[in-house]
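Engineer: You'll find model-v2.txt just under this line, and it carries compact mmCIF, N, CA and C atoms.
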# COMPACT_ATOMS: atom_id res chain seq x y z
N MET Z 1 0.85 -1.19 0.00
CA MET Z 1 0.00 0.00 0.00
C MET Z 1 0.89 1.24 0.00
N LYS Z 2 0.41 2.27 -0.65
CA LYS Z 2 1.15 3.52 -0.68
C LYS Z 2 1.07 4.22 0.68
N PRO Z 3 2.17 4.71 1.18
CA PRO Z 3 2.13 5.43 2.46
C PRO Z 3 1.53 6.82 2.30
N GLY Z 4 0.79 7.26 3.31
CA GLY Z 4 0.28 8.62 3.35
C GLY Z 4 -1.07 8.86 2.66
N ILE Z 5 -1.67 7.83 2.03
CA ILE Z 5 -2.94 8.07 1.35
C ILE Z 5 -4.12 7.39 2.05
N HIS Z 6 -3.84 6.54 3.04
CA HIS Z 6 -4.90 5.82 3.72
C HIS Z 6 -5.22 6.47 5.07
N PRO Z 7 -6.51 6.47 5.46
CA PRO Z 7 -6.87 7.07 6.76
C PRO Z 7 -6.33 6.21 7.90
N ALA Z 8 -6.19 6.82 9.05
CA ALA Z 8 -5.71 6.11 10.24
C ALA Z 8 -6.74 5.07 10.66
N TYR Z 9 -6.26 3.87 11.00
CA TYR Z 9 -7.11 2.76 11.37
C TYR Z 9 -6.78 2.40 12.81
N GLY Z 10 -7.76 2.60 13.71
CA GLY Z 10 -7.49 2.33 15.11
C GLY Z 10 -8.74 2.02 15.90
N PRO Z 11 -8.61 1.82 17.20
CA PRO Z 11 -9.76 1.47 18.04
C PRO Z 11 -10.73 2.64 18.18
N VAL Z 12 -12.03 2.32 18.08
CA VAL Z 12 -13.11 3.30 18.20
C VAL Z 12 -14.26 2.63 18.95
N VAL Z 13 -14.95 3.40 19.80
CA VAL Z 13 -16.13 2.89 20.49
C VAL Z 13 -17.36 3.39 19.77
N PHE Z 14 -18.24 2.46 19.39
CA PHE Z 14 -19.52 2.80 18.79
C PHE Z 14 -20.60 2.61 19.84
N ARG Z 15 -21.45 3.63 20.02
CA ARG Z 15 -22.54 3.56 21.00
C ARG Z 15 -23.88 3.67 20.27
N ASP Z 16 -24.74 2.69 20.53
CA ASP Z 16 -26.08 2.64 19.94
C ASP Z 16 -26.97 3.57 20.75
N SER Z 17 -27.50 4.61 20.10
CA SER Z 17 -28.32 5.58 20.83
C SER Z 17 -29.69 5.02 21.17
N ALA Z 18 -30.15 3.97 20.46
CA ALA Z 18 -31.47 3.40 20.74
C ALA Z 18 -31.45 2.50 21.97
N SER Z 19 -30.37 1.73 22.15
CA SER Z 19 -30.33 0.80 23.28
C SER Z 19 -29.30 1.18 24.33
N GLY Z 20 -28.39 2.08 24.00
CA GLY Z 20 -27.37 2.47 24.95
C GLY Z 20 -26.18 1.52 24.99
N THR Z 21 -26.18 0.51 24.17
CA THR Z 21 -25.10 -0.46 24.13
C THR Z 21 -23.89 0.14 23.42
N ALA Z 22 -22.70 -0.12 23.96
CA ALA Z 22 -21.47 0.36 23.35
C ALA Z 22 -20.54 -0.82 23.10
N PHE Z 23 -19.78 -0.74 22.01
CA PHE Z 23 -18.81 -1.79 21.72
C PHE Z 23 -17.56 -1.20 21.12
N LEU Z 24 -16.45 -1.82 21.44
CA LEU Z 24 -15.14 -1.36 21.00
C LEU Z 24 -14.72 -2.19 19.79
N THR Z 25 -14.32 -1.52 18.74
CA THR Z 25 -13.85 -2.19 17.53
C THR Z 25 -12.82 -1.30 16.87
N ARG Z 26 -12.33 -1.70 15.73
CA ARG Z 26 -11.37 -0.88 14.98
C ARG Z 26 -12.06 -0.30 13.76
N SER Z 27 -11.74 0.95 13.45
CA SER Z 27 -12.37 1.62 12.34
C SER Z 27 -11.51 2.80 11.89
N THR Z 28 -11.85 3.35 10.73
CA THR Z 28 -11.19 4.56 10.25
C THR Z 28 -11.98 5.81 10.62
N MET Z 29 -13.16 5.64 11.26
CA MET Z 29 -13.98 6.79 11.65
C MET Z 29 -13.30 7.57 12.77
N THR Z 30 -13.53 8.87 12.78
CA THR Z 30 -12.99 9.72 13.83
C THR Z 30 -14.13 10.51 14.45
N SER Z 31 -13.88 11.06 15.62
CA SER Z 31 -14.90 11.82 16.32
C SER Z 31 -14.25 12.81 17.27
N ASP Z 32 -14.96 13.90 17.53
CA ASP Z 32 -14.48 14.88 18.52
C ASP Z 32 -14.77 14.42 19.94
N LYS Z 33 -15.76 13.53 20.09
CA LYS Z 33 -16.12 13.00 21.40
C LYS Z 33 -15.20 11.85 21.76
N SER Z 34 -15.03 11.62 23.06
CA SER Z 34 -14.23 10.49 23.53
C SER Z 34 -14.90 9.89 24.75
N ILE Z 35 -14.50 8.66 25.07
CA ILE Z 35 -15.09 7.95 26.19
C ILE Z 35 -14.00 7.14 26.89
N ASP Z 36 -14.09 7.06 28.22
CA ASP Z 36 -13.19 6.22 28.99
C ASP Z 36 -13.77 4.82 28.99
N TRP Z 37 -13.03 3.87 28.42
CA TRP Z 37 -13.52 2.51 28.27
C TRP Z 37 -13.19 1.68 29.51
N GLU Z 38 -13.73 0.47 29.57
CA GLU Z 38 -13.58 -0.42 30.72
C GLU Z 38 -12.13 -0.79 31.01
N ASP Z 39 -11.27 -0.73 30.00
CA ASP Z 39 -9.87 -1.10 30.21
C ASP Z 39 -9.03 0.06 30.71
N GLY Z 40 -9.66 1.23 30.93
CA GLY Z 40 -8.96 2.38 31.46
C GLY Z 40 -8.42 3.33 30.40
N ASN Z 41 -8.52 2.98 29.14
CA ASN Z 41 -8.04 3.83 28.05
C ASN Z 41 -9.17 4.72 27.54
N THR Z 42 -8.79 5.80 26.88
CA THR Z 42 -9.75 6.72 26.28
C THR Z 42 -9.75 6.51 24.78
N TYR Z 43 -10.96 6.35 24.22
CA TYR Z 43 -11.11 6.09 22.80
C TYR Z 43 -12.09 7.08 22.20
N PRO Z 44 -11.99 7.33 20.88
CA PRO Z 44 -12.99 8.17 20.20
C PRO Z 44 -14.37 7.49 20.28
N LEU Z 45 -15.42 8.30 20.41
CA LEU Z 45 -16.78 7.78 20.54
C LEU Z 45 -17.61 8.21 19.32
N VAL Z 46 -18.23 7.23 18.67
CA VAL Z 46 -19.11 7.48 17.52
C VAL Z 46 -20.50 6.99 17.90
N ASP Z 47 -21.49 7.90 17.89
CA ASP Z 47 -22.87 7.52 18.19
C ASP Z 47 -23.56 7.09 16.90
N VAL Z 48 -24.21 5.92 16.94
CA VAL Z 48 -24.95 5.40 15.79
C VAL Z 48 -26.42 5.26 16.19
N GLU Z 49 -27.31 5.39 15.22
CA GLU Z 49 -28.74 5.33 15.52
C GLU Z 49 -29.21 3.90 15.77
N ILE Z 50 -28.63 2.95 15.08
CA ILE Z 50 -29.09 1.57 15.21
C ILE Z 50 -27.90 0.63 15.01
N SER Z 51 -27.90 -0.45 15.74
CA SER Z 51 -26.86 -1.48 15.60
C SER Z 51 -27.51 -2.84 15.79
N SER Z 52 -26.70 -3.88 15.86
CA SER Z 52 -27.26 -5.21 16.04
C SER Z 52 -27.93 -5.35 17.41
N ALA Z 53 -27.63 -4.47 18.35
CA ALA Z 53 -28.24 -4.54 19.67
C ALA Z 53 -29.68 -4.03 19.68
N SER Z 54 -30.06 -3.22 18.68
CA SER Z 54 -31.41 -2.67 18.67
C SER Z 54 -32.17 -2.94 17.37
N HIS Z 55 -31.53 -3.52 16.37
CA HIS Z 55 -32.19 -3.78 15.09
C HIS Z 55 -33.18 -4.94 15.25
N PRO Z 56 -34.42 -4.80 14.75
CA PRO Z 56 -35.43 -5.84 14.93
C PRO Z 56 -35.03 -7.21 14.38
N PHE Z 57 -34.26 -7.25 13.32
CA PHE Z 57 -33.86 -8.54 12.76
C PHE Z 57 -32.98 -9.32 13.74
N TYR Z 58 -32.04 -8.63 14.38
CA TYR Z 58 -31.10 -9.29 15.29
C TYR Z 58 -31.69 -9.53 16.67
N THR Z 59 -32.66 -8.73 17.09
CA THR Z 59 -33.24 -8.89 18.42
C THR Z 59 -34.39 -9.88 18.42
N GLY Z 60 -34.85 -10.31 17.25
CA GLY Z 60 -35.93 -11.28 17.16
C GLY Z 60 -37.32 -10.68 17.21
N THR Z 61 -37.43 -9.37 17.08
CA THR Z 61 -38.73 -8.71 17.12
C THR Z 61 -39.23 -8.32 15.74
N ALA Z 62 -38.59 -8.84 14.70
CA ALA Z 62 -39.01 -8.53 13.33
C ALA Z 62 -40.35 -9.19 13.03
N ARG Z 63 -41.18 -8.50 12.28
CA ARG Z 63 -42.49 -9.03 11.90
C ARG Z 63 -42.43 -9.60 10.50
N VAL Z 64 -43.11 -10.70 10.28
CA VAL Z 64 -43.17 -11.31 8.96
C VAL Z 64 -44.34 -10.68 8.20
N LEU Z 65 -44.05 -10.24 6.99
CA LEU Z 65 -45.09 -9.62 6.17
C LEU Z 65 -45.93 -10.68 5.49
N ASP Z 66 -47.12 -10.31 5.11
CA ASP Z 66 -48.04 -11.22 4.42
C ASP Z 66 -47.64 -11.29 2.96
N THR Z 67 -46.68 -12.15 2.64
CA THR Z 67 -46.20 -12.22 1.26
C THR Z 67 -47.20 -12.89 0.35
N ALA Z 68 -47.99 -13.83 0.86
CA ALA Z 68 -48.99 -14.49 0.02
C ALA Z 68 -50.04 -13.47 -0.43
N GLY Z 69 -50.44 -12.59 0.43
CA GLY Z 69 -51.40 -11.56 0.06
C GLY Z 69 -50.86 -10.62 -0.98
N ARG Z 70 -49.58 -10.35 -0.93
CA ARG Z 70 -48.97 -9.48 -1.93
C ARG Z 70 -48.97 -10.13 -3.29
N VAL Z 71 -48.67 -11.42 -3.33
CA VAL Z 71 -48.65 -12.14 -4.60
C VAL Z 71 -50.04 -12.18 -5.21
N GLU Z 72 -51.03 -12.49 -4.39
CA GLU Z 72 -52.41 -12.53 -4.90
C GLU Z 72 -52.86 -11.17 -5.40
N ARG Z 73 -52.52 -10.13 -4.72
CA ARG Z 73 -52.89 -8.79 -5.14
C ARG Z 73 -52.21 -8.44 -6.46
N PHE Z 74 -50.96 -8.84 -6.62
CA PHE Z 74 -50.24 -8.60 -7.87
C PHE Z 74 -50.91 -9.34 -9.02
N GLU Z 75 -51.28 -10.61 -8.80
CA GLU Z 75 -51.93 -11.39 -9.84
C GLU Z 75 -53.29 -10.84 -10.20
N ARG Z 76 -54.04 -10.34 -9.22
CA ARG Z 76 -55.34 -9.72 -9.51
C ARG Z 76 -55.15 -8.46 -10.32
N ARG Z 77 -54.13 -7.70 -9.99
CA ARG Z 77 -53.91 -6.42 -10.67
C ARG Z 77 -53.42 -6.61 -12.09
N TYR Z 78 -52.46 -7.50 -12.29
CA TYR Z 78 -51.84 -7.64 -13.60
C TYR Z 78 -52.17 -8.94 -14.30
N GLY Z 79 -52.80 -9.89 -13.61
CA GLY Z 79 -53.22 -11.14 -14.22
C GLY Z 79 -52.05 -12.10 -14.38
N ALA Z 80 -52.37 -13.36 -14.33
CA ALA Z 80 -51.34 -14.39 -14.53
C ALA Z 80 -51.14 -14.57 -16.03
N ARG Z 81 -49.99 -14.28 -16.54
CA ARG Z 81 -49.72 -14.32 -17.97
C ARG Z 81 -48.86 -15.49 -18.32
Would you kindly transcribe this structure into structure tokens?
Structural biologist:
Amino acid sequence: MKPGIHPAYGPVVFRDSASGTAFLTRSTMTSDKSIDWEDGNTYPLVDVEISSASHPFYTGTARVLDTAGRVERFERRYGAR
């Protein structure tokens, strides 16, 4: 890789604003905010609106749509050709 053209890659804490869950990972994102983590170090803090901790698919609260009704409605509208 060419030196000097890639962003800095380091530890960052992402905090889910919906559930309040925070997790430490590595990223190229930066932030003006910082947080003292459980290991005693200070890391940049990035607030996200949704993560796997609050997304309905991962939490098991996702609703199944009526796909059969959609197919029937499509066939009524456009006919089976």
Engineer: When you look at Z:Leu24 with a cut-off of 9 Å (counting only C-alpha atoms), what residues show up, excluding the ones that are within fewer than 2 positions of it in the same chain? I need them as a list of chain:residue names.
Structural biologist: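 Here the qualifying residues turn out to be Z:Pro11, Z:Val12, Z:Val13, Z:Phe14, Z:Arg15, Z:Ala22, Z:Arg26, Z:Trp37, Z:Tyr43.
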Engineer: If you run DSSP over the backbone, which residues in chain Z end up strand (DSSP E or B)? Put them as a list in words.
Structural biologist: Gly10, Pro11, Val12, Val13, Phe14, Arg15, Asp16, Ala22, Phe23, Leu24, Thr25, Arg26, Ser27, Ser34, Ile35, Asp36, Thr42, Tyr43, Pro44, Leu45, Val46, Asp47 and Val48 of chain Z
Engineer: Enumerate, as a PyMOL selection string, the complete set of residues in chain Z that a backbone-based DSSP assignment places in alpha helix (DSSP H).
Structural biologist: chain Z and resi 56-59+67-78
Engineer: Which one is closest to Z:Val48: Z:Tyr9, Z:Thr30, Z:Ser17, Z:Pro3? Count all atoms listed in the file.
Structural biologist: Z:Ser17
Engineer: What is the distance between atom C of Z:Ile50 and atom CA of Z:Phe23, in Å to one decimal?
Structural biologist: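 Those two atoms sit 11.6 Å apart.
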Engineer: Which one is closest to Z:Asp47: Z:Thr28, Z:Arg70, Z:Ile35, Z:Ala8? Count only C-alpha atoms.
Structural biologist: Z:Ile35
Engineer: I'd like the interatomic distance between atom CA of Z:Pro44 and atom CA of Z:Thr25, to a tenth of an Å.
Structural biologist: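 That distance, rounded to one decimal, is 10.7 Å.
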Engineer: Can you work out the spacing between atom CA of Z:Ser34 and atom CA of Z:Ser52 in Å, to one decimal?
Structural biologist: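 These two atoms are separated by 21.7 Å.
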Engineer: Kindly indicate which residue among Z:Gly69, Z:Gly20, Z:Gly4, Z:Gly79 lies nearest to Z:Ala53, using only N, CA and C atoms for the distances.
Structural biologist: Z:Gly20
Engineer: Put the listed atoms of stretch 18-37 of chain Z in a box along x, y and z with 3 Å added on every side and give me the centre and edge lengths in Å to one decimal, as AutoDock Vina command-line options.
Structural biologist:
--center_x -21.3 --center_y 6.3 --center_z 19.9 --size_x 26.3 --size_y 23.1 --size_z 25.3
